[in-house]
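Peer 1: Supplied structure: protein.pdb, PDB, C-alpha atoms.
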```
ATOM      1  CA  MET A 256      32.405   0.448 -11.698
ATOM      2  CA  ASP A 257      32.015   2.050  -8.240
ATOM      3  CA  MET A 258      30.724   5.591  -8.561
ATOM      4  CA  SER A 259      29.229   5.791  -5.075
ATOM      5  CA  TYR A 260      31.840   8.268  -3.822
ATOM      6  CA  ARG A 261      32.054  10.502  -6.892
ATOM      7  CA  GLU A 262      31.171  14.129  -6.416
ATOM      8  CA  ILE A 263      29.182  16.009  -9.023
ATOM      9  CA  HIS A 264      29.261  19.790  -9.006
ATOM     10  CA  MET A 265      26.197  21.776  -9.972
ATOM     11  CA  PRO A 266      25.431  25.494  -9.954
ATOM     12  CA  LEU A 267      23.930  26.426  -6.591
ATOM     13  CA  ASN A 268      20.990  28.273  -8.165
ATOM     14  CA  GLU A 269      20.030  25.104 -10.073
ATOM     15  CA  VAL A 270      20.308  22.942  -6.950
ATOM     16  CA  VAL A 271      18.155  25.383  -4.961
ATOM     17  CA  ALA A 272      15.490  25.465  -7.700
ATOM     18  CA  VAL A 273      15.338  21.663  -7.824
ATOM     19  CA  LEU A 274      15.178  21.427  -4.018
ATOM     20  CA  GLN A 275      12.371  23.993  -3.882
ATOM     21  CA  ASP A 276      10.329  21.971  -6.363
ATOM     22  CA  LEU A 277      11.039  18.665  -4.622
ATOM     23  CA  ASN A 278      10.187  20.139  -1.218
ATOM     24  CA  GLU A 279       6.883  21.468  -2.564
ATOM     25  CA  PHE A 280       6.017  18.081  -4.039
ATOM     26  CA  VAL A 281       6.937  16.079  -0.934
ATOM     27  CA  VAL A 282       4.969  18.345   1.420
ATOM     28  CA  SER A 283       2.008  18.645  -0.947
ATOM     29  CA  PHE A 284       1.773  14.909  -1.664
ATOM     30  CA  ASP A 285       2.012  14.193   2.070
ATOM     31  CA  ARG A 286      -0.864  16.622   2.716
ATOM     32  CA  LEU A 287      -2.878  15.178  -0.168
ATOM     33  CA  GLY A 288      -2.297  11.666   1.193
ATOM     34  CA  SER A 289      -3.511  12.736   4.623
ATOM     35  CA  ARG A 290      -6.601  14.335   3.099
ATOM     36  CA  GLN A 291      -7.279  11.144   1.127
ATOM     37  CA  ALA A 292      -6.943   9.070   4.290
ATOM     38  CA  PHE A 293      -9.591  11.220   5.988
ATOM     39  CA  GLY A 294     -11.873  11.233   2.945
ATOM     40  CA  SER A 295     -11.558  14.919   2.068
ATOM     41  CA  ALA A 296      -9.597  14.372  -1.151
ATOM     42  CA  ASP A 297      -9.783  11.886  -3.992
ATOM     43  CA  GLU A 298      -7.866  10.966  -7.160
ATOM     44  CA  TYR A 299      -9.338  14.021  -8.894
ATOM     45  CA  THR A 300      -7.776  16.294  -6.249
ATOM     46  CA  VAL A 301      -4.364  14.694  -6.755
ATOM     47  CA  GLY A 302      -4.682  14.908 -10.539
ATOM     48  CA  LYS A 303      -5.763  18.533 -10.321
ATOM     49  CA  TYR A 304      -2.744  19.371  -8.158
ATOM     50  CA  ILE A 305      -0.415  17.630 -10.624
ATOM     51  CA  ALA A 306      -1.925  19.512 -13.565
ATOM     52  CA  ASP A 307      -2.307  22.902 -11.862
ATOM     53  CA  ARG A 308       1.225  22.906 -10.433
ATOM     54  CA  ASP A 309       2.829  21.599 -13.656
ATOM     55  CA  VAL A 310       4.443  18.748 -11.726
ATOM     56  CA  ALA A 311       5.469  16.650 -14.750
ATOM     57  CA  ARG A 312       7.316  19.518 -16.449
ATOM     58  CA  ARG A 313       8.996  20.598 -13.217
ATOM     59  CA  LEU A 314      10.157  17.057 -12.432
ATOM     60  CA  SER A 315      11.422  16.722 -15.997
ATOM     61  CA  ARG A 316      13.399  19.943 -15.533
ATOM     62  CA  ALA A 317      14.894  18.625 -12.271
ATOM     63  CA  ARG A 318      15.959  15.448 -14.057
ATOM     64  CA  HIS A 319      17.449  17.536 -16.857
ATOM     65  CA  VAL A 320      19.491  19.694 -14.441
ATOM     66  CA  ILE A 321      21.005  16.594 -12.860
ATOM     67  CA  SER A 322      21.544  14.903 -16.237
ATOM     68  CA  VAL A 323      23.436  17.891 -17.631
ATOM     69  CA  ALA A 324      25.802  17.825 -14.654
ATOM     70  CA  LEU A 325      26.334  14.081 -14.997
ATOM     71  CA  ASP A 326      26.896  14.267 -18.749
ATOM     72  CA  ALA A 327      29.496  17.000 -18.295
ATOM     73  CA  GLN A 328      31.429  15.306 -15.504
ATOM     74  CA  LEU A 329      31.222  11.553 -16.006
ATOM     75  CA  SER A 330      32.628   9.294 -18.684
ATOM     76  CA  ASP A 331      30.453   7.714 -21.373
ATOM     77  CA  ASP A 332      30.702   4.357 -19.563
ATOM     78  CA  GLU A 333      29.634   5.889 -16.254
ATOM     79  CA  ASN A 334      26.730   7.691 -17.923
ATOM     80  CA  ALA A 335      25.692   4.437 -19.603
ATOM     81  CA  GLU A 336      25.717   2.700 -16.205
ATOM     82  CA  ILE A 337      23.449   5.400 -14.781
ATOM     83  CA  ASP A 338      21.133   5.102 -17.786
ATOM     84  CA  THR A 339      20.883   1.360 -17.134
ATOM     85  CA  LEU A 340      19.948   2.025 -13.515
ATOM     86  CA  CYS A 341      17.284   4.516 -14.638
ATOM     87  CA  ASP A 342      15.835   1.898 -16.989
ATOM     88  CA  GLN A 343      15.099  -0.256 -13.925
ATOM     89  CA  GLY A 344      12.500   2.201 -12.583
ATOM     90  CA  ARG A 345       8.874   1.315 -12.033
ATOM     91  CA  PHE A 346       6.940   3.187 -14.702
ATOM     92  CA  TYR A 347       3.198   3.747 -14.608
ATOM     93  CA  GLY A 348       1.432   1.884 -17.383
ATOM     94  CA  SER A 349       4.341  -0.489 -17.964
ATOM     95  CA  ASP A 350       3.690  -4.197 -17.965
ATOM     96  CA  SER A 351       7.100  -5.712 -17.280
ATOM     97  CA  ALA A 352       6.223  -8.848 -19.222
ATOM     98  CA  THR A 353       5.414  -7.023 -22.450
ATOM     99  CA  SER A 354       6.934  -3.549 -22.368
ATOM    100  CA  THR A 355      10.343  -2.461 -23.477
ATOM    101  CA  PRO A 356      12.583  -0.685 -20.976
ATOM    102  CA  GLN A 357      11.949   3.023 -20.557
ATOM    103  CA  THR A 358      14.869   5.422 -20.629
ATOM    104  CA  CYS A 359      15.360   8.233 -18.139
ATOM    105  CA  PRO A 360      14.458  11.137 -20.418
ATOM    106  CA  ALA A 361      11.173  12.063 -21.962
ATOM    107  CA  GLU A 362      12.939  14.678 -24.076
ATOM    108  CA  PRO A 363      15.480  14.506 -26.910
ATOM    109  CA  THR A 364      18.587  12.705 -25.774
ATOM    110  CA  SER A 365      22.308  13.223 -25.924
ATOM    111  CA  ALA A 366      24.815  10.562 -26.922
ATOM    112  CA  SER A 367      24.673   9.211 -23.372
ATOM    113  CA  GLY A 368      20.926   8.739 -23.626
ATOM    114  CA  ARG A 369      19.855  11.529 -21.281
ATOM    115  CA  THR A 370      18.164  14.831 -21.949
ATOM    116  CA  ASP A 371      19.878  17.354 -24.127
ATOM    117  CA  SER A 372      17.305  20.093 -24.703
ATOM    118  CA  THR A 373      19.666  22.992 -24.064
ATOM    119  CA  ALA A 374      22.923  23.767 -25.798
ATOM    120  CA  SER A 375      24.966  23.939 -22.620
ATOM    121  CA  ALA A 376      24.789  24.508 -18.914
ATOM    122  CA  GLU A 377      27.199  26.141 -16.538
ATOM    123  CA  VAL A 378      28.949  23.552 -14.434
ATOM    124  CA  VAL A 379      30.789  24.632 -11.313
ATOM    125  CA  GLY A 380      33.973  22.855 -10.410
TER     126      GLY A 380
END
```
Could you take the file, read its structure, and then write that structure out as structure tokens?

Peer 2:
Amino acid sequence: MDMSYREIHMPLNEVVAVLQDLNEFVVSFDRLGSRQAFGSADEYTVGKYIADRDVARRLSRARHVISVALDAQLSDDENAEIDTLCDQGRFYGSDSATSTPQTCPAEPTSASGRTDSTASAEVVG
């Protein structure tokens, strides 16, 4: 199935919120990496940033926003294909020889296997 040219519509306010978070993370991790390279930051500094800025929850929310749009606009087969691609990620703490595949969500899932922690979301289009 070739989905590479499909368009998914999402509410602009949701897209902007996700982009703001992603921009913060990219810039901050770049700065943290530079500080580590020059010896003025260590793993504790990175961990503190992740905890203080609630990075895991905010990334989970970004994934949820995208998942809701996909669930609403793609077929079950297309969503299953995306879930399979997500299962191929490199997950911290996973030993590929002994671990079972991880799914995209870390929250309750919908029938397609992705997050479904809200009743509905506005989808533009």

Peer 1: Using all atoms listed in the file, give me every residue within 8 Å of (26.8, 0.2, -12.8) in file coordinates, as a VMD selection string.

Peer 2: chain A and resid 256 to 258 333 336 to 337 339 to 340

Peer 1: Kindly resolve the PyMOL selection byres ((chain A and resi 269-282) around 8) on the present coordinates and return the residues as a list in words.

Peer 2: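 Written out, the selection comes to Met265, Pro266, Leu267, Asn268, Ser283, Phe284, Asp285, Arg286, Val310, Arg313, Leu314, Ala317 and Val320 of chain A.
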
Peer 1: Go ahead and save the residues from that selection, with C-alpha atoms, as a PDB file, in the coordinates of the input.

Peer 2:
```pdb
ATOM      1  CA  MET A 265      26.197  21.776  -9.972  1.00  0.00           C
ATOM      2  CA  PRO A 266      25.431  25.494  -9.954  1.00  0.00           C
ATOM      3  CA  LEU A 267      23.930  26.426  -6.591  1.00  0.00           C
ATOM      4  CA  ASN A 268      20.990  28.273  -8.165  1.00  0.00           C
ATOM      5  CA  SER A 283       2.008  18.645  -0.947  1.00  0.00           C
ATOM      6  CA  PHE A 284       1.773  14.909  -1.664  1.00  0.00           C
ATOM      7  CA  ASP A 285       2.012  14.193   2.070  1.00  0.00           C
ATOM      8  CA  ARG A 286      -0.864  16.622   2.716  1.00  0.00           C
ATOM      9  CA  VAL A 310       4.443  18.748 -11.726  1.00  0.00           C
ATOM     10  CA  ARG A 313       8.996  20.598 -13.217  1.00  0.00           C
ATOM     11  CA  LEU A 314      10.157  17.057 -12.432  1.00  0.00           C
ATOM     12  CA  ALA A 317      14.894  18.625 -12.271  1.00  0.00           C
ATOM     13  CA  VAL A 320      19.491  19.694 -14.441  1.00  0.00           C
TER      14      VAL A 320
END
```

Peer 1: Quick one: pull the distance between CA of Ile321 (chain A) and CA of Val301 (chain A), Å, one decimal.

Peer 2: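 Separation between CA of Ile321 (chain A) and CA of Val301 (chain A): 26.2 Å.
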
Peer 1: One decimal, Å: what's the distance from CA of Ile263 (chain A) over to CA of Leu325 (chain A), could you say?

Peer 2: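 Computed distance, CA of Ile263 (chain A) to CA of Leu325 (chain A), equals 6.9 Å.
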
Peer 1: If you measure from CA of Asp342 (chain A) to CA of Glu262 (chain A), what distance in Å do you get, rounded to one decimal?

Peer 2: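 Separation of CA of Asp342 (chain A) and CA of Glu262 (chain A): 22.3 Å.
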
Peer 1: So, with all atoms listed in the file as the atoms that count, which of A:Ala327, A:Leu287, A:Arg345, A:Ala311 lies closest to Tyr299 (chain A)?

Peer 2: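 Answer, going by the shortest atom-to-atom distance: A:Leu287.
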